[in-house]
Amino acid sequence: MIRRLAGLVAIPAVVVALVSGCGGDEDTPATEDGVVIDVVIENGTVTPDNERIEATVGETVTVRIDSDADDELHVHAVPEHSFEIHPGTQETQFSVDVPGQVAVELHDTGKTVATLLVRP
């Protein structure tokens, strides 16, 4: 009986992870801990390029950055967020408090990395 109960508890966690990723890009994993965006800045090229990603209000968004140049990441949300980027690998996190479309942009490069579609 205990084994069954443990299995039932684990199933909702998996379902939550799968549902939170529905409609998003397959390259952008959604986990129980939120959404992860992997960004590469190399020789003036940025990937991803305006990827559409679904998220929910209050969900943690983690941006993992591998860059060969300095830049600044801007998140045009409520609240707004700005993160300095330096050559190398780094990770930053934020959440959004108000639903809507949120641009995640690189200031110096002038590129939109992603547009978050934040739902209540």
# chains A, B, ... in the order shown; residues from 1 in each chain; ligands from 1
call {"tool": "residues_around", "arguments": {"residues": "Ile85 in chain A", "least_positions_apart": "5", "cutoff": "7 Å", "atoms": "only C-alpha atoms", "output": "count of residues only"}}
result
4
call {"tool": "residues_around", "arguments": {"residues": "Thr89 in chain A", "least_positions_apart": "6", "cutoff": "8 Å", "atoms": "only C-alpha atoms", "output": "list in words"}}
result
Arg64, Ile65, Asp66 and Ser67 of chain A
call {"tool": "closest_residue", "arguments": {"among": "A:Leu106, A:Leu116, A:Val46, A:Val40", "to": "Val61 in chain A", "atoms": "only C-alpha atoms"}}
result
A:Leu116
call {"tool": "atom_distance", "arguments": {"atom1": "CA of His86 in chain A", "atom2": "CA of Val118 in chain A"}}
result
27.6 Å
call {"tool": "closest_residue", "arguments": {"among": "A:Ala55, A:Val35, A:Ala114, A:Ala69", "to": "Pro99 in chain A", "atoms": "only C-alpha atoms"}}
result
A:Ala55
call {"tool": "atom_distance", "arguments": {"atom1": "CA of Gly88 in chain A", "atom2": "CA of Glu54 in chain A"}}
result
27.2 Å
call {"tool": "atom_distance", "arguments": {"atom1": "CA of Val96 in chain A", "atom2": "CA of Asp38 in chain A"}}
result
18.2 Å
call {"tool": "closest_residue", "arguments": {"among": "A:Thr109, A:Ser82, A:Thr62, A:Thr56", "to": "Asp97 in chain A", "atoms": "only C-alpha atoms"}}
result
A:Thr56
call {"tool": "residues_around", "arguments": {"residues": "Lys111 in chain A", "least_positions_apart": "3", "cutoff": "9 Å", "atoms": "only C-alpha atoms", "output": "NGL selection string"}}
result
:A and (46 or 49-50 or 104-108)
call {"tool": "closest_residue", "arguments": {"among": "A:Val36, A:Ile53, A:Ala103, A:Pro87", "to": "Arg119 in chain A", "atoms": "only C-alpha atoms"}}
result
A:Ile53
call {"tool": "select_by_dssp", "arguments": {"residues": "range 70-107 of chain A", "states": "strand (DSSP E)", "output": "ChimeraX atom specification"}}
result
/A:71-76,81-85,88-94,100-106
call {"tool": "residues_around", "arguments": {"residues": "Glu80 in chain A", "least_positions_apart": "2", "cutoff": "10 Å", "atoms": "only C-alpha atoms", "output": "ChimeraX atom specification"}}
result
/A:74-78,82,94-97,102
call {"tool": "closest_residue", "arguments": {"among": "A:Gly100, A:Thr115, A:Asp68, A:Gln93", "to": "Thr45 in chain A", "atoms": "only C-alpha atoms"}}
result
A:Asp68
